[in-house]
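This is work21.tsv (TSV, all heavy atoms).
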```
chain	number	residue	atom	x	y	z
A	1	MET	N	0.82	-1.19	0.00
A	1	MET	CA	0.00	0.00	0.00
A	1	MET	C	0.87	1.26	0.00
A	1	MET	O	0.54	2.22	-0.65
A	1	MET	CB	-0.93	-0.02	1.21
A	1	MET	CG	-1.88	1.16	1.27
A	1	MET	SD	-3.08	1.25	-0.07
A	1	MET	CE	-4.27	0.07	0.48
A	2	VAL	N	1.96	1.24	0.75
A	2	VAL	CA	2.83	2.41	0.80
A	2	VAL	C	3.34	2.75	-0.60
A	2	VAL	O	3.30	3.90	-1.01
A	2	VAL	CB	4.00	2.18	1.77
A	2	VAL	CG1	5.03	3.28	1.65
A	2	VAL	CG2	3.48	2.08	3.19
A	3	ASP	N	3.78	1.74	-1.33
A	3	ASP	CA	4.29	2.00	-2.68
A	3	ASP	C	3.19	2.51	-3.60
A	3	ASP	O	3.42	3.41	-4.40
A	3	ASP	CB	4.89	0.73	-3.27
A	3	ASP	CG	6.16	0.31	-2.56
A	3	ASP	OD1	6.85	1.18	-1.99
A	3	ASP	OD2	6.47	-0.88	-2.56
A	4	LYS	N	2.00	1.97	-3.46
A	4	LYS	CA	0.90	2.36	-4.32
A	4	LYS	C	0.49	3.81	-4.08
A	4	LYS	O	0.16	4.54	-5.00
A	4	LYS	CB	-0.30	1.43	-4.07
A	4	LYS	CG	-1.45	1.64	-5.01
A	4	LYS	CD	-2.53	0.61	-4.76
A	4	LYS	CE	-3.67	0.76	-5.73
A	4	LYS	NZ	-4.72	-0.24	-5.51
A	5	LEU	N	0.52	4.24	-2.83
A	5	LEU	CA	0.12	5.61	-2.49
A	5	LEU	C	1.27	6.60	-2.62
A	5	LEU	O	1.05	7.80	-2.57
A	5	LEU	CB	-0.44	5.65	-1.06
A	5	LEU	CG	-1.72	4.86	-0.85
A	5	LEU	CD1	-2.10	4.86	0.63
A	5	LEU	CD2	-2.86	5.43	-1.68
A	6	GLY	N	2.48	6.11	-2.77
A	6	GLY	CA	3.63	6.99	-2.95
A	6	GLY	C	4.17	7.59	-1.67
A	6	GLY	O	4.89	8.58	-1.71
A	7	TRP	N	3.82	7.02	-0.52
A	7	TRP	CA	4.32	7.53	0.75
A	7	TRP	C	5.77	7.12	0.92
A	7	TRP	O	6.13	5.97	0.85
A	7	TRP	CB	3.53	6.98	1.92
A	7	TRP	CG	2.08	7.36	1.92
A	7	TRP	CD1	1.49	8.35	1.19
A	7	TRP	CD2	1.04	6.74	2.66
A	7	TRP	NE1	0.15	8.39	1.45
A	7	TRP	CE2	-0.15	7.42	2.35
A	7	TRP	CE3	1.00	5.70	3.56
A	7	TRP	CZ2	-1.36	7.06	2.91
A	7	TRP	CZ3	-0.21	5.35	4.12
A	7	TRP	CH2	-1.37	6.04	3.81
A	8	LYS	N	6.62	8.08	1.15
A	8	LYS	CA	8.04	7.80	1.36
A	8	LYS	C	8.47	8.10	2.79
A	8	LYS	O	9.50	7.65	3.23
A	8	LYS	CB	8.87	8.62	0.38
A	8	LYS	CG	8.48	8.39	-1.07
A	8	LYS	CD	9.63	7.89	-1.86
A	8	LYS	CE	9.30	7.78	-3.32
A	8	LYS	NZ	8.73	6.54	-3.73
A	9	SER	N	7.68	8.89	3.51
A	9	SER	CA	8.00	9.25	4.88
A	9	SER	C	6.73	9.72	5.59
A	9	SER	O	5.68	9.82	4.97
A	9	SER	CB	9.06	10.36	4.90
A	9	SER	OG	8.55	11.52	4.28
A	10	LEU	N	6.88	10.02	6.86
A	10	LEU	CA	5.76	10.56	7.61
A	10	LEU	C	5.44	11.97	7.12
A	10	LEU	O	6.31	12.69	6.66
A	10	LEU	CB	6.10	10.62	9.10
A	10	LEU	CG	6.31	9.29	9.81
A	10	LEU	CD1	6.77	9.54	11.24
A	10	LEU	CD2	5.05	8.45	9.79
A	11	ARG	N	4.21	12.35	7.28
A	11	ARG	CA	3.81	13.72	6.95
A	11	ARG	C	4.19	14.62	8.12
A	11	ARG	O	4.40	14.17	9.23
A	11	ARG	CB	2.31	13.78	6.69
A	11	ARG	CG	1.93	12.96	5.48
A	11	ARG	CD	0.45	12.85	5.33
A	11	ARG	NE	0.15	11.96	4.23
A	11	ARG	CZ	-0.77	12.20	3.33
A	11	ARG	NH1	-1.50	13.28	3.41
A	11	ARG	NH2	-0.98	11.34	2.35
A	12	SER	N	4.25	15.91	7.87
A	12	SER	CA	4.70	16.83	8.91
A	12	SER	C	3.81	16.79	10.14
A	12	SER	O	4.32	16.87	11.27
A	12	SER	CB	4.81	18.25	8.36
A	12	SER	OG	3.54	18.72	7.95
A	13	VAL	N	2.51	16.64	9.98
A	13	VAL	CA	1.62	16.56	11.13
A	13	VAL	C	1.95	15.34	11.99
A	13	VAL	O	1.85	15.38	13.21
A	13	VAL	CB	0.13	16.58	10.71
A	13	VAL	CG1	-0.28	15.29	10.01
A	13	VAL	CG2	-0.77	16.83	11.91
A	14	GLN	N	2.37	14.27	11.36
A	14	GLN	CA	2.76	13.06	12.10
A	14	GLN	C	4.10	13.26	12.79
A	14	GLN	O	4.25	12.91	13.96
A	14	GLN	CB	2.81	11.87	11.13
A	14	GLN	CG	1.46	11.55	10.55
A	14	GLN	CD	1.52	10.74	9.28
A	14	GLN	OE1	2.56	10.62	8.65
A	14	GLN	NE2	0.38	10.20	8.87
A	15	GLU	N	5.06	13.83	12.09
A	15	GLU	CA	6.37	14.08	12.70
A	15	GLU	C	6.27	15.03	13.88
A	15	GLU	O	7.00	14.90	14.86
A	15	GLU	CB	7.34	14.63	11.66
A	15	GLU	CG	7.76	13.59	10.64
A	15	GLU	CD	8.72	14.14	9.60
A	15	GLU	OE1	8.91	15.37	9.53
A	15	GLU	OE2	9.28	13.32	8.85
A	16	ASP	N	5.37	15.99	13.80
A	16	ASP	CA	5.21	16.98	14.86
A	16	ASP	C	4.50	16.42	16.09
A	16	ASP	O	4.78	16.84	17.21
A	16	ASP	CB	4.43	18.20	14.36
A	16	ASP	CG	5.18	18.99	13.30
A	16	ASP	OD1	6.41	18.82	13.20
A	16	ASP	OD2	4.53	19.78	12.60
A	17	ASN	N	3.56	15.50	15.89
A	17	ASN	CA	2.70	15.05	16.98
A	17	ASN	C	3.05	13.70	17.59
A	17	ASN	O	2.82	13.49	18.77
A	17	ASN	CB	1.25	15.04	16.52
A	17	ASN	CG	0.70	16.42	16.38
A	17	ASN	OD1	0.37	17.06	17.37
A	17	ASN	ND2	0.61	16.92	15.16
A	18	ILE	N	3.59	12.79	16.81
A	18	ILE	CA	3.87	11.45	17.34
A	18	ILE	C	4.81	11.48	18.54
A	18	ILE	O	4.51	10.86	19.56
A	18	ILE	CB	4.38	10.51	16.22
A	18	ILE	CG1	3.21	10.17	15.28
A	18	ILE	CG2	5.00	9.24	16.80
A	18	ILE	CD1	3.61	9.39	14.04
A	19	PRO	N	5.92	12.22	18.49
A	19	PRO	CA	6.80	12.24	19.68
A	19	PRO	C	6.10	12.78	20.93
A	19	PRO	O	6.27	12.23	22.03
A	19	PRO	CB	7.95	13.15	19.26
A	19	PRO	CG	7.96	13.09	17.78
A	19	PRO	CD	6.52	12.96	17.38
A	20	ALA	N	5.30	13.82	20.76
A	20	ALA	CA	4.59	14.39	21.91
A	20	ALA	C	3.60	13.40	22.51
A	20	ALA	O	3.49	13.26	23.73
A	20	ALA	CB	3.86	15.67	21.50
A	21	ILE	N	2.90	12.68	21.66
A	21	ILE	CA	1.93	11.68	22.14
A	21	ILE	C	2.66	10.53	22.83
A	21	ILE	O	2.22	10.06	23.88
A	21	ILE	CB	1.05	11.18	20.98
A	21	ILE	CG1	0.18	12.34	20.46
A	21	ILE	CG2	0.19	10.01	21.41
A	21	ILE	CD1	-0.54	12.04	19.16
A	22	LEU	N	3.78	10.09	22.27
A	22	LEU	CA	4.55	9.01	22.89
A	22	LEU	C	5.08	9.42	24.26
A	22	LEU	O	5.28	8.57	25.13
A	22	LEU	CB	5.70	8.58	21.98
A	22	LEU	CG	5.30	7.74	20.77
A	22	LEU	CD1	6.49	7.55	19.84
A	22	LEU	CD2	4.72	6.41	21.18
A	23	GLU	N	5.31	10.72	24.47
A	23	GLU	CA	5.77	11.21	25.77
A	23	GLU	C	4.63	11.31	26.78
A	23	GLU	O	4.85	11.63	27.94
A	23	GLU	CB	6.43	12.59	25.60
A	23	GLU	CG	7.75	12.53	24.89
A	23	GLU	CD	8.32	13.91	24.61
A	23	GLU	OE1	7.72	14.92	25.03
A	23	GLU	OE2	9.38	13.97	23.96
A	24	GLY	N	3.40	11.03	26.33
A	24	GLY	CA	2.26	11.05	27.23
A	24	GLY	C	1.47	12.35	27.22
A	24	GLY	O	0.57	12.53	28.04
A	25	ASN	N	1.79	13.23	26.31
A	25	ASN	CA	1.07	14.50	26.22
A	25	ASN	C	-0.24	14.32	25.48
A	25	ASN	O	-0.35	13.49	24.58
A	25	ASN	CB	1.92	15.55	25.51
A	25	ASN	CG	3.17	15.88	26.26
A	25	ASN	OD1	3.13	16.18	27.43
A	25	ASN	ND2	4.31	15.79	25.58
A	26	ASN	N	-1.23	15.11	25.83
A	26	ASN	CA	-2.48	15.17	25.09
A	26	ASN	C	-2.27	16.03	23.85
A	26	ASN	O	-1.40	16.90	23.84
A	26	ASN	CB	-3.60	15.76	25.94
A	26	ASN	CG	-3.94	14.88	27.11
A	26	ASN	OD1	-3.92	13.66	27.02
A	26	ASN	ND2	-4.25	15.49	28.23
A	27	ALA	N	-3.07	15.79	22.83
A	27	ALA	CA	-2.92	16.57	21.61
A	27	ALA	C	-4.25	16.74	20.90
A	27	ALA	O	-5.09	15.84	20.92
A	27	ALA	CB	-1.94	15.88	20.67
A	28	ILE	N	-4.44	17.89	20.33
A	28	ILE	CA	-5.52	18.12	19.37
A	28	ILE	C	-4.81	18.32	18.05
A	28	ILE	O	-4.00	19.23	17.89
A	28	ILE	CB	-6.35	19.36	19.73
A	28	ILE	CG1	-7.07	19.13	21.06
A	28	ILE	CG2	-7.34	19.67	18.62
A	28	ILE	CD1	-7.81	20.33	21.58
A	29	ILE	N	-5.10	17.43	17.11
A	29	ILE	CA	-4.39	17.44	15.84
A	29	ILE	C	-5.29	18.03	14.77
A	29	ILE	O	-6.40	17.56	14.54
A	29	ILE	CB	-3.95	16.02	15.45
A	29	ILE	CG1	-3.06	15.44	16.55
A	29	ILE	CG2	-3.25	16.02	14.10
A	29	ILE	CD1	-2.76	13.97	16.39
A	30	GLN	N	-4.81	19.08	14.11
A	30	GLN	CA	-5.56	19.74	13.07
A	30	GLN	C	-4.78	19.67	11.77
A	30	GLN	O	-3.60	20.05	11.72
A	30	GLN	CB	-5.81	21.20	13.44
A	30	GLN	CG	-6.61	21.96	12.42
A	30	GLN	CD	-6.87	23.39	12.87
A	30	GLN	OE1	-6.65	23.75	14.01
A	30	GLN	NE2	-7.32	24.21	11.94
A	31	ALA	N	-5.44	19.17	10.75
A	31	ALA	CA	-4.82	19.10	9.43
A	31	ALA	C	-5.94	18.93	8.40
A	31	ALA	O	-7.08	18.62	8.75
A	31	ALA	CB	-3.85	17.93	9.34
A	32	ALA	N	-5.60	19.12	7.17
A	32	ALA	CA	-6.58	18.96	6.09
A	32	ALA	C	-7.04	17.52	5.99
A	32	ALA	O	-6.41	16.60	6.53
A	32	ALA	CB	-5.94	19.40	4.77
A	33	THR	N	-8.13	17.33	5.29
A	33	THR	CA	-8.61	15.98	5.01
A	33	THR	C	-7.48	15.20	4.33
A	33	THR	O	-6.81	15.72	3.45
A	33	THR	CB	-9.84	16.03	4.08
A	33	THR	OG1	-10.86	16.78	4.75
A	33	THR	CG2	-10.35	14.64	3.75
A	34	ALA	N	-7.28	13.96	4.79
A	34	ALA	CA	-6.21	13.09	4.29
A	34	ALA	C	-4.83	13.66	4.62
A	34	ALA	O	-3.86	13.38	3.93
A	34	ALA	CB	-6.35	12.83	2.79
A	35	GLY	N	-4.76	14.45	5.69
A	35	GLY	CA	-3.49	15.07	6.08
A	35	GLY	C	-2.64	14.23	7.01
A	35	GLY	O	-1.55	14.65	7.37
A	36	GLY	N	-3.16	13.08	7.47
A	36	GLY	CA	-2.37	12.20	8.31
A	36	GLY	C	-2.74	12.23	9.79
A	36	GLY	O	-2.00	11.72	10.63
A	37	LYS	N	-3.89	12.81	10.12
A	37	LYS	CA	-4.30	12.92	11.53
A	37	LYS	C	-4.50	11.56	12.18
A	37	LYS	O	-4.03	11.34	13.29
A	37	LYS	CB	-5.60	13.73	11.64
A	37	LYS	CG	-5.49	15.17	11.18
A	37	LYS	CD	-6.81	15.90	11.26
A	37	LYS	CE	-7.88	15.36	10.35
A	37	LYS	NZ	-7.72	15.61	8.94
A	38	THR	N	-5.20	10.67	11.52
A	38	THR	CA	-5.48	9.36	12.09
A	38	THR	C	-4.20	8.61	12.40
A	38	THR	O	-4.04	8.04	13.48
A	38	THR	CB	-6.37	8.53	11.15
A	38	THR	OG1	-7.59	9.26	10.93
A	38	THR	CG2	-6.68	7.16	11.74
A	39	GLU	N	-3.27	8.62	11.47
A	39	GLU	CA	-2.00	7.93	11.68
A	39	GLU	C	-1.20	8.59	12.79
A	39	GLU	O	-0.52	7.91	13.56
A	39	GLU	CB	-1.19	7.88	10.39
A	39	GLU	CG	-1.79	7.04	9.29
A	39	GLU	CD	-2.82	7.79	8.46
A	39	GLU	OE1	-3.11	8.98	8.75
A	39	GLU	OE2	-3.35	7.18	7.50
A	40	ALA	N	-1.27	9.92	12.88
A	40	ALA	CA	-0.54	10.64	13.93
A	40	ALA	C	-1.02	10.20	15.31
A	40	ALA	O	-0.23	10.14	16.25
A	40	ALA	CB	-0.72	12.15	13.77
A	41	ALA	N	-2.28	9.88	15.44
A	41	ALA	CA	-2.82	9.41	16.71
A	41	ALA	C	-2.65	7.90	16.88
A	41	ALA	O	-2.40	7.41	17.98
A	41	ALA	CB	-4.29	9.78	16.82
A	42	PHE	N	-2.79	7.15	15.80
A	42	PHE	CA	-2.83	5.69	15.89
A	42	PHE	C	-1.44	5.06	15.94
A	42	PHE	O	-1.26	4.03	16.61
A	42	PHE	CB	-3.63	5.13	14.71
A	42	PHE	CG	-4.09	3.72	14.91
A	42	PHE	CD1	-4.93	3.38	15.96
A	42	PHE	CD2	-3.68	2.72	14.05
A	42	PHE	CE1	-5.35	2.07	16.15
A	42	PHE	CE2	-4.10	1.41	14.22
A	42	PHE	CZ	-4.94	1.09	15.27
A	43	PHE	N	-0.46	5.62	15.28
A	43	PHE	CA	0.89	5.03	15.31
A	43	PHE	C	1.45	4.93	16.73
A	43	PHE	O	2.03	3.90	17.09
A	43	PHE	CB	1.85	5.78	14.40
A	43	PHE	CG	1.64	5.56	12.92
A	43	PHE	CD1	2.27	6.37	12.00
A	43	PHE	CD2	0.82	4.55	12.44
A	43	PHE	CE1	2.09	6.19	10.63
A	43	PHE	CE2	0.63	4.36	11.09
A	43	PHE	CZ	1.27	5.18	10.18
A	44	PRO	N	1.29	5.96	17.57
A	44	PRO	CA	1.76	5.81	18.96
A	44	PRO	C	1.04	4.70	19.72
A	44	PRO	O	1.65	4.01	20.54
A	44	PRO	CB	1.49	7.18	19.59
A	44	PRO	CG	1.46	8.12	18.44
A	44	PRO	CD	0.89	7.35	17.31
A	45	ILE	N	-0.25	4.52	19.44
A	45	ILE	CA	-1.01	3.43	20.07
A	45	ILE	C	-0.41	2.08	19.66
A	45	ILE	O	-0.18	1.21	20.50
A	45	ILE	CB	-2.50	3.50	19.70
A	45	ILE	CG1	-3.14	4.76	20.29
A	45	ILE	CG2	-3.25	2.25	20.14
A	45	ILE	CD1	-4.51	5.08	19.75
A	46	LEU	N	-0.17	1.92	18.37
A	46	LEU	CA	0.42	0.66	17.90
A	46	LEU	C	1.79	0.44	18.47
A	46	LEU	O	2.15	-0.70	18.84
A	46	LEU	CB	0.49	0.67	16.37
A	46	LEU	CG	-0.83	0.62	15.62
A	46	LEU	CD1	-0.60	0.73	14.12
A	46	LEU	CD2	-1.61	-0.65	15.95
A	47	SER	N	2.59	1.49	18.58
A	47	SER	CA	3.93	1.36	19.17
A	47	SER	C	3.86	0.92	20.62
A	47	SER	O	4.63	0.05	21.05
A	47	SER	CB	4.68	2.70	19.10
A	47	SER	OG	4.93	3.04	17.77
A	48	THR	N	2.93	1.48	21.37
A	48	THR	CA	2.77	1.11	22.78
A	48	THR	C	2.33	-0.35	22.91
A	48	THR	O	2.86	-1.09	23.73
A	48	THR	CB	1.74	2.04	23.46
A	48	THR	OG1	2.21	3.38	23.35
A	48	THR	CG2	1.56	1.67	24.91
A	49	ILE	N	1.39	-0.77	22.09
A	49	ILE	CA	0.94	-2.17	22.10
A	49	ILE	C	2.11	-3.09	21.76
A	49	ILE	O	2.31	-4.12	22.42
A	49	ILE	CB	-0.23	-2.38	21.13
A	49	ILE	CG1	-1.48	-1.67	21.65
A	49	ILE	CG2	-0.50	-3.87	20.91
A	49	ILE	CD1	-2.62	-1.61	20.65
A	50	HIS	N	2.88	-2.73	20.76
A	50	HIS	CA	4.02	-3.56	20.34
A	50	HIS	C	5.06	-3.69	21.46
A	50	HIS	O	5.60	-4.77	21.69
A	50	HIS	CB	4.66	-2.97	19.08
A	50	HIS	CG	5.87	-3.70	18.63
A	50	HIS	ND1	5.79	-4.94	18.04
A	50	HIS	CD2	7.18	-3.38	18.67
A	50	HIS	CE1	7.03	-5.36	17.75
A	50	HIS	NE2	7.88	-4.42	18.12
A	51	GLU	N	5.34	-2.58	22.14
A	51	GLU	CA	6.34	-2.61	23.22
A	51	GLU	C	5.89	-3.45	24.40
A	51	GLU	O	6.71	-4.07	25.07
A	51	GLU	CB	6.63	-1.18	23.71
A	51	GLU	CG	7.40	-0.37	22.70
A	51	GLU	CD	7.53	1.10	23.11
A	51	GLU	OE1	7.09	1.46	24.22
A	51	GLU	OE2	8.07	1.87	22.31
A	52	LYS	N	4.59	-3.51	24.64
A	52	LYS	CA	4.06	-4.27	25.79
A	52	LYS	C	3.84	-5.73	25.46
A	52	LYS	O	3.61	-6.54	26.35
A	52	LYS	CB	2.77	-3.63	26.28
A	52	LYS	CG	3.01	-2.29	26.92
A	52	LYS	CD	1.75	-1.70	27.48
A	52	LYS	CE	2.08	-0.37	28.14
A	52	LYS	NZ	0.90	0.22	28.77
A	53	ALA	N	3.90	-6.09	24.18
A	53	ALA	CA	3.65	-7.48	23.76
A	53	ALA	C	4.87	-8.35	23.96
A	53	ALA	O	5.95	-7.97	24.07
A	53	ALA	CB	3.22	-7.52	22.29
```

Show me this structure written as C-alpha cells.
Amino acid sequence: MVDKLGWKSLRSVQEDNIPAILEGNNAIIQAATAGGKTEAAFFPILSTIHEKA
C-alpha cells in the first residue's frame, strides 16, 4: 500500500505530533482531510501495544 500511495516518509503533522503523544502528552491534531491525523494518533497506540507485547 505504501508503494501504491507513494508515501516515502511521515507527513509533517505526524512528525510533529507522534513524539509528543509518545511522551504522554495530550494533543488536538488539526490538518486537512487526508493530512495524516489518524495515523498521527494511531501510530503511537500501535507502538505502545508492540512494546508491551

Taken to one decimal, the atom N of Lys4 in chain A-atom N of Glu51 in chain A distance is 26.2 Å

Report as a PyMOL selection string all protein, DNA and RNA residues lying within 4 Å of Leu10 in chain A, evaluated on all atoms listed in the file, omitting residues in the same chain fewer than 4 positions from it.
chain A and resi 14-15+43

Quick one: residues within 6 Å of Gln30 in chain A, all heavy atoms, excluding same-chain residues fewer than 4 positions away - as a CSV table (one decimal) with all heavy atoms, in the coordinates of the input?
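Result file out02.csv:
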```
chain,number,residue,atom,x,y,z
A,13,VAL,N,2.5,16.6,10.0
A,13,VAL,CA,1.6,16.6,11.1
A,13,VAL,C,2.0,15.3,12.0
A,13,VAL,O,1.8,15.4,13.2
A,13,VAL,CB,0.1,16.6,10.7
A,13,VAL,CG1,-0.3,15.3,10.0
A,13,VAL,CG2,-0.8,16.8,11.9
A,17,ASN,N,3.6,15.5,15.9
A,17,ASN,CA,2.7,15.0,17.0
A,17,ASN,C,3.0,13.7,17.6
A,17,ASN,O,2.8,13.5,18.8
A,17,ASN,CB,1.2,15.0,16.5
A,17,ASN,CG,0.7,16.4,16.4
A,17,ASN,OD1,0.4,17.1,17.4
A,17,ASN,ND2,0.6,16.9,15.2
A,37,LYS,N,-3.9,12.8,10.1
A,37,LYS,CA,-4.3,12.9,11.5
A,37,LYS,C,-4.5,11.6,12.2
A,37,LYS,O,-4.0,11.3,13.3
A,37,LYS,CB,-5.6,13.7,11.6
A,37,LYS,CG,-5.5,15.2,11.2
A,37,LYS,CD,-6.8,15.9,11.3
A,37,LYS,CE,-7.9,15.4,10.4
A,37,LYS,NZ,-7.7,15.6,8.9
```

Subject >> Coordinates-based distance that separates CA of Ile18 in chain A from CA of Phe42 in chain A (Å, one decimal) >> reply: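 Answer for the CA of Phe42 in chain A to CA of Ile18 in chain A separation: 9.0 Å.
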
Step by step, gather every atom of range 24-41 of chain A that the file lists, find the box along x, y and z that holds them, add 4 Å on each side, and finally give centre and edge lengths in Å to one decimal, as JSON.
```
{"center_x": -3.3, "center_y": 15.6, "center_z": 15.5, "size_x": 23.2, "size_y": 25.2, "size_z": 33.4}
```

In chain A, DSSP helix (DSSP H, G or I) residues written as a ChimeraX atom specification: /A:2-5,12-22,37-52

### Option closest in space to Thr33 in chain A, from A:Lys52, A:Asp16, A:Arg11, A:Ile45 [counting all atoms listed in the file]
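Among the listed residues, A:Arg11 lies closest to Thr33 in chain A.
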
TODO: Identify the residues around (-4.1, 10.5, 20.0) within a radius of 8 Å, measuring from only C-alpha atoms in the coordinates stated by the file, and give them as an MDAnalysis selection string.
DONE: chainID A and resid 21 26:28 40:42 44:45

What does the distance from atom O of Ser12 in chain A to CD1 of Ile29 in chain A come to in Å, to one decimal?
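Separation of atom O of Ser12 in chain A and CD1 of Ile29 in chain A: 9.2 Å.
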